[in-house]
$ cat start26.txt   # compact mmCIF, C-alpha atoms
# COMPACT_ATOMS: atom_id res chain seq x y z
CA SER X 30 -9.01 42.96 -18.34
CA GLN X 31 -6.27 45.38 -17.44
CA GLN X 32 -6.32 48.37 -15.14
CA GLY X 33 -3.83 51.17 -14.89
CA GLU X 34 -2.59 52.42 -11.56
CA GLU X 35 -2.06 56.16 -11.32
CA ASP X 36 0.47 57.77 -9.04
CA PRO X 37 0.40 59.94 -7.01
CA GLN X 38 -3.17 59.71 -5.77
CA ALA X 39 -3.23 63.46 -5.22
CA LEU X 40 -1.09 66.36 -6.40
CA SER X 41 -1.33 70.03 -5.45
CA ILE X 42 0.60 72.72 -7.33
CA GLN X 43 0.54 76.45 -8.01
CA GLU X 44 -0.76 77.94 -11.22
CA GLY X 45 2.00 78.15 -13.81
CA GLU X 46 3.90 75.13 -12.49
CA ASN X 47 4.19 71.83 -14.32
CA ALA X 48 2.32 68.74 -13.16
CA THR X 49 3.52 65.19 -13.73
CA MET X 50 1.50 62.09 -13.03
CA ASN X 51 2.39 58.49 -13.69
CA CYS X 52 0.65 55.31 -14.74
CA SER X 53 1.81 51.73 -14.36
CA TYR X 54 0.26 48.64 -15.88
CA LYS X 55 0.89 44.90 -15.79
CA THR X 56 0.69 43.33 -19.24
CA SER X 57 1.73 44.35 -22.75
CA ILE X 58 -0.45 46.93 -24.45
CA ASN X 59 -1.55 48.08 -27.86
CA ASN X 60 -2.04 51.65 -26.73
CA LEU X 61 -2.57 53.73 -23.62
CA GLN X 62 -5.02 56.57 -23.20
CA TRP X 63 -5.29 59.43 -20.73
CA TYR X 64 -8.59 60.92 -19.62
CA ARG X 65 -9.57 63.93 -17.51
CA GLN X 66 -12.59 64.18 -15.23
CA ASN X 67 -13.67 67.53 -13.87
CA SER X 68 -15.64 67.36 -10.65
CA GLY X 69 -19.12 65.96 -11.21
CA ARG X 70 -18.59 65.43 -14.94
CA GLY X 71 -17.94 62.54 -17.28
CA LEU X 72 -14.45 61.61 -18.43
CA VAL X 73 -12.95 63.39 -21.41
CA HIS X 74 -10.44 61.69 -23.68
CA LEU X 75 -7.17 63.66 -23.75
CA ILE X 76 -4.58 61.74 -25.70
CA LEU X 77 -3.66 58.27 -26.94
CA ILE X 78 -0.15 56.91 -27.31
CA ARG X 79 0.52 53.71 -29.22
CA SER X 80 2.91 51.01 -28.08
CA ASN X 81 5.43 51.88 -30.81
CA GLU X 82 5.54 55.55 -29.75
CA ARG X 83 7.73 56.90 -26.96
CA GLU X 84 6.44 60.43 -26.70
CA LYS X 85 3.44 62.41 -27.87
CA HIS X 86 2.40 66.04 -27.54
CA SER X 87 -0.95 67.78 -27.62
CA GLY X 88 -0.98 71.45 -26.69
CA ARG X 89 0.28 71.69 -23.10
CA LEU X 90 0.16 67.93 -22.68
CA ARG X 91 3.14 65.64 -23.09
CA VAL X 92 2.79 61.88 -22.72
CA THR X 93 5.63 59.41 -22.57
CA LEU X 94 5.52 55.64 -22.73
CA ASP X 95 8.13 53.16 -21.57
CA THR X 96 6.95 49.70 -22.53
CA SER X 97 9.99 48.04 -20.94
CA LYS X 98 8.95 49.47 -17.57
CA LYS X 99 5.22 49.19 -18.33
CA SER X 100 4.70 52.79 -17.41
CA SER X 101 3.52 56.09 -18.82
CA SER X 102 3.63 59.66 -17.63
CA LEU X 103 1.46 62.68 -18.34
CA LEU X 104 3.02 66.11 -18.07
CA ILE X 105 0.87 69.24 -18.03
CA THR X 106 2.96 72.35 -18.57
CA ALA X 107 2.13 75.85 -17.34
CA SER X 108 -0.86 74.59 -15.39
CA ARG X 109 -4.04 76.61 -14.96
CA ALA X 110 -6.79 76.51 -12.36
CA ALA X 111 -9.01 74.95 -15.04
CA ASP X 112 -6.67 71.93 -15.12
CA THR X 113 -7.95 70.99 -11.65
CA ALA X 114 -9.43 67.54 -12.22
CA SER X 115 -8.85 63.83 -11.80
CA TYR X 116 -6.70 62.17 -14.43
CA PHE X 117 -7.00 58.52 -15.42
CA CYS X 118 -4.90 56.28 -17.61
CA LEU X 119 -6.38 53.42 -19.60
CA PRO X 120 -4.00 50.75 -20.87
CA ASN X 121 -5.48 48.80 -23.75
CA SER X 122 -4.21 45.38 -24.74
CA GLY X 123 -6.21 45.58 -27.96
CA GLY X 124 -7.70 42.68 -29.85
CA SER X 125 -11.07 41.64 -28.49
CA ASN X 126 -10.39 43.09 -25.07
CA TYR X 127 -13.37 45.33 -24.41
CA LYS X 128 -13.32 44.96 -20.64
CA LEU X 129 -11.45 48.15 -19.95
CA THR X 130 -11.49 49.26 -16.35
CA PHE X 131 -10.24 52.57 -15.02
CA GLY X 132 -8.10 52.97 -11.93
CA LYS X 133 -8.61 55.45 -9.12
CA GLY X 134 -6.89 58.31 -10.88
CA THR X 135 -4.70 61.20 -9.79
CA LEU X 136 -6.50 64.20 -8.32
CA LEU X 137 -4.70 67.33 -9.49
CA THR X 138 -5.42 70.60 -7.71
CA VAL X 139 -4.02 73.77 -9.29
CA ASN X 140 -4.09 76.67 -6.85
CA PRO X 141 -4.47 80.19 -8.26
CA ASN K 2 -23.79 66.59 -32.14
CA ALA K 3 -25.23 65.72 -28.74
CA GLY K 4 -22.67 62.96 -28.09
CA VAL K 5 -23.72 60.65 -25.26
CA THR K 6 -26.89 61.63 -23.43
CA GLN K 7 -27.79 60.17 -20.05
CA THR K 8 -31.11 60.60 -18.31
CA PRO K 9 -32.04 61.32 -15.62
CA LYS K 10 -29.20 63.36 -14.10
CA PHE K 11 -30.35 62.71 -10.55
CA GLN K 12 -32.60 60.03 -9.05
CA VAL K 13 -33.61 58.92 -5.58
CA LEU K 14 -35.04 55.43 -5.21
CA LYS K 15 -36.39 53.47 -2.32
CA THR K 16 -34.93 50.06 -1.59
CA GLY K 17 -36.63 47.46 -3.74
CA GLN K 18 -37.78 49.83 -6.46
CA SER K 19 -36.78 49.28 -10.05
CA MET K 20 -35.77 51.81 -12.63
CA THR K 21 -34.00 52.23 -15.95
CA LEU K 22 -31.11 54.58 -16.58
CA GLN K 23 -31.17 55.77 -20.15
CA CYS K 24 -28.16 56.19 -22.42
CA ALA K 25 -28.31 57.33 -26.03
CA GLN K 26 -25.58 58.28 -28.50
CA ASP K 27 -25.90 59.85 -31.92
CA MET K 28 -22.43 59.04 -33.26
CA ASN K 29 -23.26 55.57 -34.63
CA HIS K 30 -20.75 54.03 -32.22
CA GLU K 31 -20.76 50.26 -32.05
CA TYR K 32 -19.30 49.93 -28.56
CA MET K 33 -21.16 51.10 -25.47
CA SER K 34 -20.43 50.59 -21.79
CA TRP K 35 -21.84 51.31 -18.37
CA TYR K 36 -19.61 52.22 -15.43
CA ARG K 37 -20.26 53.07 -11.83
CA GLN K 38 -18.03 55.41 -9.89
CA ASP K 39 -17.79 55.29 -6.12
CA PRO K 40 -15.51 57.37 -3.89
CA GLY K 41 -12.04 55.85 -3.75
CA MET K 42 -12.96 53.05 -6.17
CA GLY K 43 -12.35 54.49 -9.61
CA LEU K 44 -14.71 53.51 -12.42
CA ARG K 45 -15.89 49.92 -12.51
CA LEU K 46 -17.36 48.31 -15.59
CA ILE K 47 -20.90 46.98 -15.16
CA HIS K 48 -21.92 45.79 -18.64
CA TYR K 49 -20.83 46.49 -22.17
CA SER K 50 -22.02 45.93 -25.71
CA VAL K 51 -20.09 45.58 -28.97
CA GLY K 52 -23.13 46.06 -31.17
CA ALA K 53 -26.89 45.82 -31.39
CA GLY K 54 -28.11 42.56 -29.90
CA ILE K 55 -24.76 41.77 -28.21
CA THR K 56 -24.08 42.43 -24.54
CA ASP K 57 -21.69 41.02 -21.96
CA GLN K 58 -20.89 41.37 -18.28
CA GLY K 59 -18.19 43.57 -16.87
CA GLU K 60 -16.58 43.59 -13.45
CA VAL K 61 -19.67 44.29 -11.30
CA PRO K 62 -22.80 43.08 -13.17
CA ASN K 63 -24.88 41.74 -10.28
CA GLY K 64 -28.17 43.57 -9.79
CA TYR K 65 -28.11 45.15 -13.25
CA ASN K 66 -29.53 44.16 -16.63
CA VAL K 67 -28.87 45.64 -20.04
CA SER K 68 -30.14 45.22 -23.56
CA ARG K 69 -29.08 46.70 -26.89
CA SER K 70 -31.94 46.62 -29.37
CA THR K 71 -30.58 49.55 -31.41
CA THR K 72 -27.15 51.00 -32.05
CA GLU K 73 -28.16 54.28 -30.42
CA ASP K 74 -29.57 53.12 -27.09
CA PHE K 75 -28.09 51.13 -24.20
CA PRO K 76 -30.38 51.26 -21.14
CA LEU K 77 -29.28 49.99 -17.73
CA ARG K 78 -31.97 48.42 -15.55
CA LEU K 79 -31.87 48.11 -11.80
CA LEU K 80 -34.22 45.27 -10.96
CA SER K 81 -34.54 45.78 -7.19
CA ALA K 82 -32.54 48.74 -5.96
CA ALA K 83 -30.28 48.33 -2.94
CA PRO K 84 -28.38 50.99 -0.93
CA SER K 85 -25.13 49.46 -2.25
CA GLN K 86 -26.14 50.68 -5.70
CA THR K 87 -25.92 54.29 -4.59
CA SER K 88 -23.35 55.65 -7.00
CA VAL K 89 -22.70 57.82 -10.02
CA TYR K 90 -23.31 55.96 -13.25
CA PHE K 91 -21.58 56.78 -16.51
CA CYS K 92 -22.34 55.57 -19.99
CA ALA K 93 -19.60 55.62 -22.62
CA SER K 94 -19.35 54.79 -26.30
CA ARG K 95 -16.68 54.49 -28.97
CA ASP K 96 -16.32 53.79 -32.64
CA ARG K 97 -14.97 50.35 -33.49
CA HIS K 98 -12.11 51.90 -35.46
CA GLN K 99 -11.12 54.37 -32.77
CA TYR K 100 -9.96 53.83 -29.22
CA GLY K 101 -11.09 56.93 -27.39
CA TYR K 102 -14.32 56.72 -25.43
CA THR K 103 -16.94 59.46 -25.28
CA PHE K 104 -18.64 59.69 -21.90
CA GLY K 105 -22.03 60.97 -20.86
CA SER K 106 -22.36 63.46 -18.01
CA GLY K 107 -23.54 60.83 -15.55
CA THR K 108 -26.56 59.89 -13.44
CA ARG K 109 -26.27 60.38 -9.70
CA LEU K 110 -28.38 57.67 -8.04
CA THR K 111 -29.22 57.48 -4.36
CA VAL K 112 -31.00 54.45 -2.93
CA VAL K 113 -32.53 54.96 0.50

$ encode --input "start26.txt" --output "structure tokens"
Amino acid sequence: SQQGEEDPQALSIQEGENATMNCSYKTSINNLQWYRQNSGRGLVHLILIRSNEREKHSGRLRVTLDTSKKSSSLLITASRAADTASYFCLPNSGGSNYKLTFGKGTLLTVNP
Amino acid sequence: NAGVTQTPKFQVLKTGQSMTLQCAQDMNHEYMSWYRQDPGMGLRLIHYSVGAGITDQGEVPNGYNVSRSTTEDFPLRLLSAAPSQTSVYFCASRDRHQYGYTFGSGTRLTVV
């Protein structure tokens, strides 16, 4: 199984600023997903980027993938207090690999 | 659609008691998983299932049993609860043709 490692562990910004968090992984992937977890809630799937894609957008979210460096980044633009949450990446090697384990995540705090 | 439903939301057990955490999904998803989330540890995979009648162990299976008699339900059984099983438990499911997981809202379990 493969686990992503998110960096930084914690990030605190002001409302309206951009937030960038990073994910590193160890072995080649089929795709990589980002999830958000609001305090006390289950994870919510945000976006998926495939190994043959370098960048993907969804609303205020921008995800990049560098397979040569085995890393991904998630950018949240014009952040809001409601973006306060933990963010997790999930690298997926595909095939019959169902043992997907999440890392510790990045805790983003957006101050009003 | 209800998505993934977990019951109960909160539970307090005494050491040695047994109980079953319920998970049900109404999306006809083939894949279902159980995770536990502890402070500073991320989400760790307990057991997973790729279809009715098929289950397998994840990263931390000891002390837990699962079964998958129907596509909709994936209960997690604690045979003899221990304080180390105090955690928040999440159930997740996904369609075999998609990669994104849908999570339940969690069960917060305390073993005293």

$ interface_residues --input "start26.txt" --of "chain X" --to "chain K" --cutoff "7 Å" --atoms "only C-alpha atoms" --output "ChimeraX atom specification"
/X:70-74,128,130-134

$ atom_distance --input "start26.txt" --atom1 "CA of Ala25 (chain K)" --atom2 "CA of Leu77 (chain K)"
11.1 Å

$ residues_around --input "start26.txt" --residues "Ala48 (chain X)" --least-positions-apart "6" --cutoff "10 Å" --atoms "only C-alpha atoms" --output "PyMOL selection string"
chain X and resi 40-42+90+103-108+112+137-139

$ closest_residue --input "start26.txt" --among "X:Thr96, X:Asn81, X:Ser102, X:Ser68" --to "Ala114 (chain X)" --atoms "all atoms listed in the file"
X:Ser68

$ residues_around --input "start26.txt" --residues "Arg79 (chain X)" --least-positions-apart "2" --cutoff "10 Å" --atoms "only C-alpha atoms" --output "number ranges by chain"
X: 58-62, 77, 81-85, 94, 120-121

$ residues_around --input "start26.txt" --residues "Glu73 (chain K)" --least-positions-apart "6" --cutoff "9 Å" --atoms "only C-alpha atoms" --output "number ranges by chain"
K: 24-31, 53

$ write_last_selection --input "start26.txt" --atoms "C-alpha atoms" --output "tab-separated table (two decimals), in the coordinates of the input"
chain	number	residue	atom	x	y	z
K	24	CYS	CA	-28.16	56.19	-22.42
K	25	ALA	CA	-28.31	57.33	-26.03
K	26	GLN	CA	-25.58	58.28	-28.50
K	27	ASP	CA	-25.90	59.85	-31.92
K	28	MET	CA	-22.43	59.04	-33.26
K	29	ASN	CA	-23.26	55.57	-34.63
K	30	HIS	CA	-20.75	54.03	-32.22
K	31	GLU	CA	-20.76	50.26	-32.05
K	53	ALA	CA	-26.89	45.82	-31.39

$ atom_distance --input "start26.txt" --atom1 "CA of Asn140 (chain X)" --atom2 "CA of Asn47 (chain X)"
12.2 Å

$ closest_residue --input "start26.txt" --among "K:Leu80, K:Val112, K:Asp74, K:Pro62" --to "Gln7 (chain K)" --atoms "only C-alpha atoms"
K:Asp74

$ atom_distance --input "start26.txt" --atom1 "CA of Asn63 (chain K)" --atom2 "CA of Lys55 (chain X)"
26.5 Å

$ closest_residue --input "start26.txt" --among "X:Glu44, X:Arg91, X:Leu129, X:Met50" --to "Ala111 (chain X)" --atoms "all atoms listed in the file"
X:Glu44

$ residues_near_point --input "start26.txt" --point "(-36.2, 51.7, -0.2)" --cutoff "10 Å" --atoms "only C-alpha atoms" --output "CSV table (one decimal) with C-alpha atoms, in the coordinates of the input"
chain,number,residue,atom,x,y,z
K,13,VAL,CA,-33.6,58.9,-5.6
K,14,LEU,CA,-35.0,55.4,-5.2
K,15,LYS,CA,-36.4,53.5,-2.3
K,16,THR,CA,-34.9,50.1,-1.6
K,17,GLY,CA,-36.6,47.5,-3.7
K,18,GLN,CA,-37.8,49.8,-6.5
K,81,SER,CA,-34.5,45.8,-7.2
K,82,ALA,CA,-32.5,48.7,-6.0
K,83,ALA,CA,-30.3,48.3,-2.9
K,84,PRO,CA,-28.4,51.0,-0.9
K,111,THR,CA,-29.2,57.5,-4.4
K,112,VAL,CA,-31.0,54.4,-2.9
K,113,VAL,CA,-32.5,55.0,0.5

$ closest_residue --input "start26.txt" --among "K:Leu110, K:Asp96, K:Met20, K:Ala3" --to "Pro76 (chain K)" --atoms "all atoms listed in the file"
K:Met20

$ closest_residue --input "start26.txt" --among "K:Gln86, K:Gln23, K:Thr71, K:Thr8" --to "Ile55 (chain K)" --atoms "only C-alpha atoms"
K:Thr71

$ closest_residue --input "start26.txt" --among "X:Ser122, X:Tyr116, X:Gln38, X:Gly88" --to "Tyr54 (chain X)" --atoms "all atoms listed in the file"
X:Ser122
